[in-house]
Every structure is written in C-alpha cells, then in structure tokens.
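The file final28.tsv contains TSV, N, CA and C atoms:
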chain	number	residue	atom	x	y	z
A	282	MET	N	-14.98	5.61	-21.23
A	282	MET	CA	-14.04	6.70	-21.26
A	282	MET	C	-13.76	7.16	-19.82
A	283	GLU	N	-12.53	7.42	-19.52
A	283	GLU	CA	-12.15	7.84	-18.18
A	283	GLU	C	-12.50	9.31	-17.97
A	284	THR	N	-12.99	9.61	-16.78
A	284	THR	CA	-13.31	11.00	-16.48
A	284	THR	C	-12.11	11.68	-15.87
A	285	ASN	N	-12.16	12.97	-15.76
A	285	ASN	CA	-11.08	13.74	-15.17
A	285	ASN	C	-11.36	14.05	-13.71
A	286	SER	N	-12.06	13.17	-13.03
A	286	SER	CA	-12.35	13.42	-11.63
A	286	SER	C	-11.04	13.42	-10.83
A	287	ARG	N	-11.08	14.10	-9.74
A	287	ARG	CA	-9.89	14.26	-8.92
A	287	ARG	C	-9.37	12.94	-8.38
A	288	SER	N	-10.26	12.10	-7.95
A	288	SER	CA	-9.87	10.81	-7.43
A	288	SER	C	-10.86	9.76	-7.92
A	289	THR	N	-10.34	8.68	-8.48
A	289	THR	CA	-11.22	7.63	-8.98
A	289	THR	C	-11.24	6.43	-8.06
A	290	ALA	N	-10.42	6.43	-7.05
A	290	ALA	CA	-10.36	5.29	-6.15
A	290	ALA	C	-10.13	5.75	-4.72
A	291	GLN	N	-10.57	4.93	-3.81
A	291	GLN	CA	-10.31	5.15	-2.39
A	291	GLN	C	-9.06	4.36	-2.01
A	292	PRO	N	-8.30	4.83	-1.05
A	292	PRO	CA	-7.16	4.05	-0.57
A	292	PRO	C	-7.65	2.71	-0.02
A	293	PRO	N	-6.85	1.69	-0.16
A	293	PRO	CA	-7.27	0.39	0.37
A	293	PRO	C	-7.37	0.42	1.89
A	294	GLY	N	-8.33	-0.32	2.39
A	294	GLY	CA	-8.45	-0.50	3.83
A	294	GLY	C	-7.51	-1.60	4.29
A	295	GLU	N	-7.58	-1.91	5.56
A	295	GLU	CA	-6.64	-2.90	6.12
A	295	GLU	C	-6.73	-4.26	5.44
A	296	GLN	N	-7.93	-4.79	5.28
A	296	GLN	CA	-8.05	-6.13	4.69
A	296	GLN	C	-7.56	-6.15	3.25
A	297	GLU	N	-7.94	-5.15	2.47
A	297	GLU	CA	-7.50	-5.10	1.08
A	297	GLU	C	-5.97	-4.96	1.00
A	298	LEU	N	-5.39	-4.14	1.87
A	298	LEU	CA	-3.94	-3.99	1.87
A	298	LEU	C	-3.27	-5.30	2.27
A	299	ARG	N	-3.80	-5.98	3.26
A	299	ARG	CA	-3.25	-7.28	3.64
A	299	ARG	C	-3.27	-8.25	2.46
A	300	GLU	N	-4.36	-8.25	1.71
A	300	GLU	CA	-4.48	-9.15	0.56
A	300	GLU	C	-3.50	-8.78	-0.55
A	301	LEU	N	-3.22	-7.49	-0.71
A	301	LEU	CA	-2.23	-7.06	-1.70
A	301	LEU	C	-0.82	-7.45	-1.28
A	302	LEU	N	-0.54	-7.34	0.01
A	302	LEU	CA	0.81	-7.59	0.52
A	302	LEU	C	1.13	-9.07	0.69
A	303	ALA	N	0.13	-9.88	0.99
A	303	ALA	CA	0.35	-11.29	1.32
A	303	ALA	C	1.21	-12.04	0.29
A	304	PRO	N	0.89	-11.98	-0.99
A	304	PRO	CA	1.73	-12.73	-1.93
A	304	PRO	C	3.14	-12.15	-2.06
A	305	LEU	N	3.29	-10.89	-1.73
A	305	LEU	CA	4.61	-10.25	-1.85
A	305	LEU	C	5.54	-10.64	-0.71
A	306	VAL	N	4.96	-11.04	0.42
A	306	VAL	CA	5.78	-11.45	1.56
A	306	VAL	C	5.57	-12.93	1.89
A	307	ASP	N	4.91	-13.65	0.98
A	307	ASP	CA	4.69	-15.08	1.10
A	307	ASP	C	4.06	-15.44	2.45
A	308	ALA	N	2.94	-14.80	2.73
A	308	ALA	CA	2.22	-15.05	3.98
A	308	ALA	C	0.73	-14.97	3.73
A	309	ARG	N	-0.03	-15.51	4.65
A	309	ARG	CA	-1.47	-15.33	4.58
A	309	ARG	C	-1.78	-13.92	5.05
A	310	PRO	N	-2.81	-13.29	4.51
A	310	PRO	CA	-3.13	-11.91	4.90
A	310	PRO	C	-3.23	-11.72	6.41
A	311	GLU	N	-3.88	-12.66	7.08
A	311	GLU	CA	-4.09	-12.52	8.52
A	311	GLU	C	-2.81	-12.75	9.34
A	312	ASP	N	-1.77	-13.26	8.70
A	312	ASP	CA	-0.52	-13.54	9.41
A	312	ASP	C	0.51	-12.42	9.31
A	313	ILE	N	0.18	-11.33	8.66
A	313	ILE	CA	1.12	-10.22	8.54
A	313	ILE	C	0.99	-9.34	9.79
A	314	PRO	N	2.05	-9.30	10.61
A	314	PRO	CA	1.99	-8.46	11.81
A	314	PRO	C	1.94	-6.98	11.43
A	315	GLY	N	1.17	-6.21	12.15
A	315	GLY	CA	1.01	-4.80	11.83
A	315	GLY	C	2.29	-4.00	11.95
A	316	ASP	N	3.18	-4.42	12.83
A	316	ASP	CA	4.40	-3.65	13.05
A	316	ASP	C	5.65	-4.30	12.47
A	317	ALA	N	5.49	-5.38	11.71
A	317	ALA	CA	6.64	-6.05	11.10
A	317	ALA	C	7.12	-5.30	9.87
A	318	ASN	N	8.42	-5.22	9.71
A	318	ASN	CA	9.02	-4.56	8.56
A	318	ASN	C	8.75	-5.41	7.31
A	319	LEU	N	8.01	-4.85	6.37
A	319	LEU	CA	7.63	-5.59	5.16
A	319	LEU	C	8.85	-5.97	4.32
A	320	ILE	N	9.87	-5.16	4.34
A	320	ILE	CA	11.09	-5.47	3.58
A	320	ILE	C	11.78	-6.69	4.19
A	321	LEU	N	11.85	-6.74	5.51
A	321	LEU	CA	12.45	-7.90	6.17
A	321	LEU	C	11.60	-9.16	5.98
A	322	LEU	N	10.30	-8.97	5.74
A	322	LEU	CA	9.42	-10.11	5.47
A	322	LEU	C	9.56	-10.62	4.03
A	323	GLY	N	10.23	-9.84	3.16
A	323	GLY	CA	10.46	-10.30	1.80
A	323	GLY	C	10.01	-9.39	0.69
A	324	MET	N	9.38	-8.27	1.01
A	324	MET	CA	8.94	-7.35	-0.04
A	324	MET	C	10.17	-6.65	-0.63
A	325	SER	N	10.19	-6.55	-1.94
A	325	SER	CA	11.30	-5.86	-2.59
A	325	SER	C	10.91	-4.42	-2.90
A	326	SER	N	11.92	-3.61	-3.16
A	326	SER	CA	11.64	-2.22	-3.52
A	326	SER	C	10.87	-2.15	-4.84
A	327	ILE	N	11.11	-3.11	-5.71
A	327	ILE	CA	10.36	-3.18	-6.98
A	327	ILE	C	8.88	-3.43	-6.69
A	328	ASP	N	8.59	-4.34	-5.76
A	328	ASP	CA	7.20	-4.60	-5.37
A	328	ASP	C	6.55	-3.31	-4.87
A	329	MET	N	7.29	-2.57	-4.05
A	329	MET	CA	6.77	-1.33	-3.49
A	329	MET	C	6.50	-0.31	-4.61
A	330	MET	N	7.43	-0.20	-5.55
A	330	MET	CA	7.25	0.73	-6.66
A	330	MET	C	6.05	0.35	-7.52
A	331	ARG	N	5.84	-0.94	-7.72
A	331	ARG	CA	4.68	-1.38	-8.50
A	331	ARG	C	3.37	-1.01	-7.82
A	332	LEU	N	3.31	-1.21	-6.51
A	332	LEU	CA	2.10	-0.82	-5.78
A	332	LEU	C	1.86	0.68	-5.86
A	333	VAL	N	2.92	1.45	-5.67
A	333	VAL	CA	2.79	2.91	-5.76
A	333	VAL	C	2.31	3.31	-7.15
A	334	GLY	N	2.89	2.72	-8.19
A	334	GLY	CA	2.46	3.02	-9.56
A	334	GLY	C	1.01	2.67	-9.79
A	335	ARG	N	0.60	1.54	-9.28
A	335	ARG	CA	-0.81	1.12	-9.40
A	335	ARG	C	-1.73	2.13	-8.74
A	336	TRP	N	-1.38	2.53	-7.51
A	336	TRP	CA	-2.22	3.49	-6.80
A	336	TRP	C	-2.21	4.86	-7.46
A	337	ARG	N	-1.09	5.27	-7.97
A	337	ARG	CA	-1.03	6.58	-8.64
A	337	ARG	C	-1.85	6.57	-9.93
A	338	ARG	N	-1.83	5.46	-10.67
A	338	ARG	CA	-2.68	5.36	-11.87
A	338	ARG	C	-4.15	5.44	-11.50
A	339	ALA	N	-4.48	5.02	-10.29
A	339	ALA	CA	-5.86	5.11	-9.79
A	339	ALA	C	-6.13	6.48	-9.17
A	340	LYS	N	-5.18	7.41	-9.34
A	340	LYS	CA	-5.31	8.80	-8.88
A	340	LYS	C	-5.21	8.95	-7.36
A	341	LEU	N	-4.51	8.02	-6.71
A	341	LEU	CA	-4.22	8.16	-5.29
A	341	LEU	C	-2.84	8.79	-5.16
A	342	PRO	N	-2.71	9.91	-4.46
A	342	PRO	CA	-1.43	10.60	-4.36
A	342	PRO	C	-0.48	9.97	-3.33
A	343	VAL	N	-0.19	8.71	-3.53
A	343	VAL	CA	0.69	7.97	-2.62
A	343	VAL	C	2.12	8.51	-2.77
A	344	VAL	N	2.81	8.63	-1.64
A	344	VAL	CA	4.18	9.13	-1.64
A	344	VAL	C	5.11	7.96	-1.33
A	345	PHE	N	5.91	7.56	-2.31
A	345	PHE	CA	6.81	6.43	-2.16
A	345	PHE	C	7.69	6.58	-0.92
A	346	GLU	N	8.24	7.76	-0.73
A	346	GLU	CA	9.14	8.00	0.39
A	346	GLU	C	8.46	7.78	1.75
A	347	GLU	N	7.18	8.10	1.82
A	347	GLU	CA	6.42	7.88	3.06
A	347	GLU	C	6.29	6.38	3.34
A	348	LEU	N	6.00	5.61	2.31
A	348	LEU	CA	5.88	4.17	2.49
A	348	LEU	C	7.23	3.55	2.82
A	349	ALA	N	8.27	4.00	2.14
A	349	ALA	CA	9.61	3.46	2.37
A	349	ALA	C	10.13	3.80	3.76
A	350	SER	N	9.73	4.93	4.30
A	350	SER	CA	10.23	5.33	5.61
A	350	SER	C	9.50	4.62	6.76
A	351	ALA	N	8.35	4.06	6.49
A	351	ALA	CA	7.58	3.31	7.49
A	351	ALA	C	7.06	2.04	6.84
A	352	PRO	N	7.96	1.09	6.52
A	352	PRO	CA	7.55	-0.10	5.75
A	352	PRO	C	6.87	-1.18	6.58
A	353	THR	N	5.81	-0.80	7.25
A	353	THR	CA	5.01	-1.75	8.02
A	353	THR	C	3.55	-1.62	7.59
A	354	LEU	N	2.79	-2.61	7.86
A	354	LEU	CA	1.36	-2.55	7.55
A	354	LEU	C	0.74	-1.34	8.24
A	355	ASN	N	1.05	-1.15	9.51
A	355	ASN	CA	0.49	-0.01	10.25
A	355	ASN	C	0.95	1.32	9.67
A	356	GLY	N	2.22	1.41	9.30
A	356	GLY	CA	2.74	2.64	8.72
A	356	GLY	C	2.05	2.96	7.40
A	357	TRP	N	1.87	1.95	6.59
A	357	TRP	CA	1.21	2.16	5.30
A	357	TRP	C	-0.25	2.54	5.50
A	358	LEU	N	-0.92	1.89	6.43
A	358	LEU	CA	-2.32	2.23	6.68
A	358	LEU	C	-2.45	3.67	7.14
A	359	ALA	N	-1.53	4.15	7.96
A	359	ALA	CA	-1.57	5.53	8.42
A	359	ALA	C	-1.41	6.49	7.24
A	360	HIS	N	-0.48	6.19	6.34
A	360	HIS	CA	-0.28	7.05	5.17
A	360	HIS	C	-1.52	7.02	4.27
A	361	LEU	N	-2.02	5.83	4.01
A	361	LEU	CA	-3.18	5.69	3.12
A	361	LEU	C	-4.42	6.34	3.73
A	362	GLU	N	-4.58	6.21	5.02
A	362	GLU	CA	-5.74	6.82	5.69
A	362	GLU	C	-5.70	8.35	5.53
A	363	GLY	N	-4.51	8.91	5.54
A	363	GLY	CA	-4.37	10.35	5.36
A	363	GLY	C	-4.74	10.83	3.97
A	364	LEU	N	-4.90	9.89	3.04
A	364	LEU	CA	-5.29	10.25	1.66
A	364	LEU	C	-6.79	10.25	1.45
A	365	ARG	N	-7.52	9.81	2.45
A	365	ARG	CA	-8.99	9.78	2.32
A	365	ARG	C	-9.54	11.19	2.35
A	366	PRO	N	-10.55	11.44	1.50
A	366	PRO	CA	-11.16	12.79	1.49
A	366	PRO	C	-11.92	13.09	2.76

Before we go any further, please render this structure as structure tokens.
Amino acid sequence: METNSRSTAQPPGEQELRELLAPLVDARPEDIPGDANLILLGMSSIDMMRLVGRWRRAKLPVVFEELASAPTLNGWLAHLEGLRP
C-alpha cells in the first residue's frame, strides 16, 4: 500500500538522468553534452511530458515549464537539484 509521505523518490542524479535521456535522443548516456539542446538532439515534447508525468507520479514537484525553458542536461540537473530536500 502506498503511503502519503510527502516525497517517495529523490530526483535523478546526473548518471540516472543521462540513462533516461539516452534512448530519447538516440545517444549513449556518456555522449550527451551537458549544454546541448535536448530538443535539437531529438527529444520530443511528448517525451518531455512523459518524463514529467513519471516524476510527478513519484511525488517529485517537477515543473514542465522549467524543463522546457532550459532543455539541456545541465538545465534539467539544476532544476532537479533544486527539488532535493
């Protein structure tokens, strides 16, 4: 049974985020440049919405607009790091 805890998951770290993004941009995790635009690398807005939905179901208060306004690995890591308790 699921508990009503405030947060059930931690935001992904850099390696986990790279592994999540790699198949979406058809690259190896280690080959994703930190400052490259993920959309230009091949990520779709649907992919982004799916990730946000996944994280929100895990009780992470991810803000889609924040990710969309800085669609880079580094930008996402900065947003996700700000969600850590």

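Taking atom C of Ser325 of chain A as the reference point, atom CA of Val344 of chain A is found at 15.2 Å.
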
Would you return as a JSON list (two decimals) with N, CA and C atoms, in the frame of the given file the members of chain A that DSSP assigns to alpha helix (DSSP H) on this structure's backbone?
[["chain", "number", "residue", "atom", "x", "y", "z"],
["A", 295, "GLU", "N", -7.58, -1.91, 5.56],
["A", 295, "GLU", "CA", -6.64, -2.90, 6.12],
["A", 295, "GLU", "C", -6.73, -4.26, 5.44],
["A", 296, "GLN", "N", -7.93, -4.79, 5.28],
["A", 296, "GLN", "CA", -8.05, -6.13, 4.69],
["A", 296, "GLN", "C", -7.56, -6.15, 3.25],
["A", 297, "GLU", "N", -7.94, -5.15, 2.47],
["A", 297, "GLU", "CA", -7.50, -5.10, 1.08],
["A", 297, "GLU", "C", -5.97, -4.96, 1.00],
["A", 298, "LEU", "N", -5.39, -4.14, 1.87],
["A", 298, "LEU", "CA", -3.94, -3.99, 1.87],
["A", 298, "LEU", "C", -3.27, -5.30, 2.27],
["A", 299, "ARG", "N", -3.80, -5.98, 3.26],
["A", 299, "ARG", "CA", -3.25, -7.28, 3.64],
["A", 299, "ARG", "C", -3.27, -8.25, 2.46],
["A", 300, "GLU", "N", -4.36, -8.25, 1.71],
["A", 300, "GLU", "CA", -4.48, -9.15, 0.56],
["A", 300, "GLU", "C", -3.50, -8.78, -0.55],
["A", 301, "LEU", "N", -3.22, -7.49, -0.71],
["A", 301, "LEU", "CA", -2.23, -7.06, -1.70],
["A", 301, "LEU", "C", -0.82, -7.45, -1.28],
["A", 302, "LEU", "N", -0.54, -7.34, 0.01],
["A", 302, "LEU", "CA", 0.81, -7.59, 0.52],
["A", 302, "LEU", "C", 1.13, -9.07, 0.69],
["A", 303, "ALA", "N", 0.13, -9.88, 0.99],
["A", 303, "ALA", "CA", 0.35, -11.29, 1.32],
["A", 303, "ALA", "C", 1.21, -12.04, 0.29],
["A", 304, "PRO", "N", 0.89, -11.98, -0.99],
["A", 304, "PRO", "CA", 1.73, -12.73, -1.93],
["A", 304, "PRO", "C", 3.14, -12.15, -2.06],
["A", 305, "LEU", "N", 3.29, -10.89, -1.73],
["A", 305, "LEU", "CA", 4.61, -10.25, -1.85],
["A", 305, "LEU", "C", 5.54, -10.64, -0.71],
["A", 306, "VAL", "N", 4.96, -11.04, 0.42],
["A", 306, "VAL", "CA", 5.78, -11.45, 1.56],
["A", 306, "VAL", "C", 5.57, -12.93, 1.89],
["A", 319, "LEU", "N", 8.01, -4.85, 6.37],
["A", 319, "LEU", "CA", 7.63, -5.59, 5.16],
["A", 319, "LEU", "C", 8.85, -5.97, 4.32],
["A", 320, "ILE", "N", 9.87, -5.16, 4.34],
["A", 320, "ILE", "CA", 11.09, -5.47, 3.58],
["A", 320, "ILE", "C", 11.78, -6.69, 4.19],
["A", 321, "LEU", "N", 11.85, -6.74, 5.51],
["A", 321, "LEU", "CA", 12.45, -7.90, 6.17],
["A", 321, "LEU", "C", 11.60, -9.16, 5.98],
["A", 322, "LEU", "N", 10.30, -8.97, 5.74],
["A", 322, "LEU", "CA", 9.42, -10.11, 5.47],
["A", 322, "LEU", "C", 9.56, -10.62, 4.03],
["A", 326, "SER", "N", 11.92, -3.61, -3.16],
["A", 326, "SER", "CA", 11.64, -2.22, -3.52],
["A", 326, "SER", "C", 10.87, -2.15, -4.84],
["A", 327, "ILE", "N", 11.11, -3.11, -5.71],
["A", 327, "ILE", "CA", 10.36, -3.18, -6.98],
["A", 327, "ILE", "C", 8.88, -3.43, -6.69],
["A", 328, "ASP", "N", 8.59, -4.34, -5.76],
["A", 328, "ASP", "CA", 7.20, -4.60, -5.37],
["A", 328, "ASP", "C", 6.55, -3.31, -4.87],
["A", 329, "MET", "N", 7.29, -2.57, -4.05],
["A", 329, "MET", "CA", 6.77, -1.33, -3.49],
["A", 329, "MET", "C", 6.50, -0.31, -4.61],
["A", 330, "MET", "N", 7.43, -0.20, -5.55],
["A", 330, "MET", "CA", 7.25, 0.73, -6.66],
["A", 330, "MET", "C", 6.05, 0.35, -7.52],
["A", 331, "ARG", "N", 5.84, -0.94, -7.72],
["A", 331, "ARG", "CA", 4.68, -1.38, -8.50],
["A", 331, "ARG", "C", 3.37, -1.01, -7.82],
["A", 332, "LEU", "N", 3.31, -1.21, -6.51],
["A", 332, "LEU", "CA", 2.10, -0.82, -5.78],
["A", 332, "LEU", "C", 1.86, 0.68, -5.86],
["A", 333, "VAL", "N", 2.92, 1.45, -5.67],
["A", 333, "VAL", "CA", 2.79, 2.91, -5.76],
["A", 333, "VAL", "C", 2.31, 3.31, -7.15],
["A", 334, "GLY", "N", 2.89, 2.72, -8.19],
["A", 334, "GLY", "CA", 2.46, 3.02, -9.56],
["A", 334, "GLY", "C", 1.01, 2.67, -9.79],
["A", 335, "ARG", "N", 0.60, 1.54, -9.28],
["A", 335, "ARG", "CA", -0.81, 1.12, -9.40],
["A", 335, "ARG", "C", -1.73, 2.13, -8.74],
["A", 336, "TRP", "N", -1.38, 2.53, -7.51],
["A", 336, "TRP", "CA", -2.22, 3.49, -6.80],
["A", 336, "TRP", "C", -2.21, 4.86, -7.46],
["A", 337, "ARG", "N", -1.09, 5.27, -7.97],
["A", 337, "ARG", "CA", -1.03, 6.58, -8.64],
["A", 337, "ARG", "C", -1.85, 6.57, -9.93],
["A", 338, "ARG", "N", -1.83, 5.46, -10.67],
["A", 338, "ARG", "CA", -2.68, 5.36, -11.87],
["A", 338, "ARG", "C", -4.15, 5.44, -11.50],
["A", 345, "PHE", "N", 5.91, 7.56, -2.31],
["A", 345, "PHE", "CA", 6.81, 6.43, -2.16],
["A", 345, "PHE", "C", 7.69, 6.58, -0.92],
["A", 346, "GLU", "N", 8.24, 7.76, -0.73],
["A", 346, "GLU", "CA", 9.14, 8.00, 0.39],
["A", 346, "GLU", "C", 8.46, 7.78, 1.75],
["A", 347, "GLU", "N", 7.18, 8.10, 1.82],
["A", 347, "GLU", "CA", 6.42, 7.88, 3.06],
["A", 347, "GLU", "C", 6.29, 6.38, 3.34],
["A", 348, "LEU", "N", 6.00, 5.61, 2.31],
["A", 348, "LEU", "CA", 5.88, 4.17, 2.49],
["A", 348, "LEU", "C", 7.23, 3.55, 2.82],
["A", 349, "ALA", "N", 8.27, 4.00, 2.14],
["A", 349, "ALA", "CA", 9.61, 3.46, 2.37],
["A", 349, "ALA", "C", 10.13, 3.80, 3.76],
["A", 350, "SER", "N", 9.73, 4.93, 4.30],
["A", 350, "SER", "CA", 10.23, 5.33, 5.61],
["A", 350, "SER", "C", 9.50, 4.62, 6.76],
["A", 354, "LEU", "N", 2.79, -2.61, 7.86],
["A", 354, "LEU", "CA", 1.36, -2.55, 7.55],
["A", 354, "LEU", "C", 0.74, -1.34, 8.24],
["A", 355, "ASN", "N", 1.05, -1.15, 9.51],
["A", 355, "ASN", "CA", 0.49, -0.01, 10.25],
["A", 355, "ASN", "C", 0.95, 1.32, 9.67],
["A", 356, "GLY", "N", 2.22, 1.41, 9.30],
["A", 356, "GLY", "CA", 2.74, 2.64, 8.72],
["A", 356, "GLY", "C", 2.05, 2.96, 7.40],
["A", 357, "TRP", "N", 1.87, 1.95, 6.59],
["A", 357, "TRP", "CA", 1.21, 2.16, 5.30],
["A", 357, "TRP", "C", -0.25, 2.54, 5.50],
["A", 358, "LEU", "N", -0.92, 1.89, 6.43],
["A", 358, "LEU", "CA", -2.32, 2.23, 6.68],
["A", 358, "LEU", "C", -2.45, 3.67, 7.14],
["A", 359, "ALA", "N", -1.53, 4.15, 7.96],
["A", 359, "ALA", "CA", -1.57, 5.53, 8.42],
["A", 359, "ALA", "C", -1.41, 6.49, 7.24],
["A", 360, "HIS", "N", -0.48, 6.19, 6.34],
["A", 360, "HIS", "CA", -0.28, 7.05, 5.17],
["A", 360, "HIS", "C", -1.52, 7.02, 4.27],
["A", 361, "LEU", "N", -2.02, 5.83, 4.01],
["A", 361, "LEU", "CA", -3.18, 5.69, 3.12],
["A", 361, "LEU", "C", -4.42, 6.34, 3.73],
["A", 362, "GLU", "N", -4.58, 6.21, 5.02],
["A", 362, "GLU", "CA", -5.74, 6.82, 5.69],
["A", 362, "GLU", "C", -5.70, 8.35, 5.53]]

Checklist entry - Nearest to Glu311 of chain A: which of A:Leu298, A:Leu348, A:Ala339, A:Leu358 is it, counting only C-alpha atoms? => result A:Leu298

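Between atom CA of Phe345 of chain A and atom CA of Ile313 of chain A the separation is 20.6 Å.
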
Next on the checklist: List as a VMD selection string the protein and nucleic acid residues near Glu295 of chain A, meaning an atom at most 9 Å away when only C-alpha atoms are counted, but skip any in the same chain fewer than 5 places from it.
Outcome noted: chain A and resid 300 354 to 355 358

Item to check | Selection near Gly323 of chain A, 12 Å with only C-alpha atoms, sequence-local residues under 5 positions removed, as a PyMOL selection string | outcome: chain A and resi 302-308+313+317-318+328-329+352-353

Checklist entry - Gln291 of chain A: which residues within 10 Å, counting only C-alpha atoms, same-chain residues fewer than 4 positions away excluded, as number ranges by chain? => result A: 336, 339-341, 361-362, 364-366

Next on the checklist: As an exercise, work out the distance from atom C of Ser350 of chain A to atom CA of Leu319 of chain A in Å and give it to one decimal place.
Outcome noted: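 These two atoms are separated by 10.5 Å.
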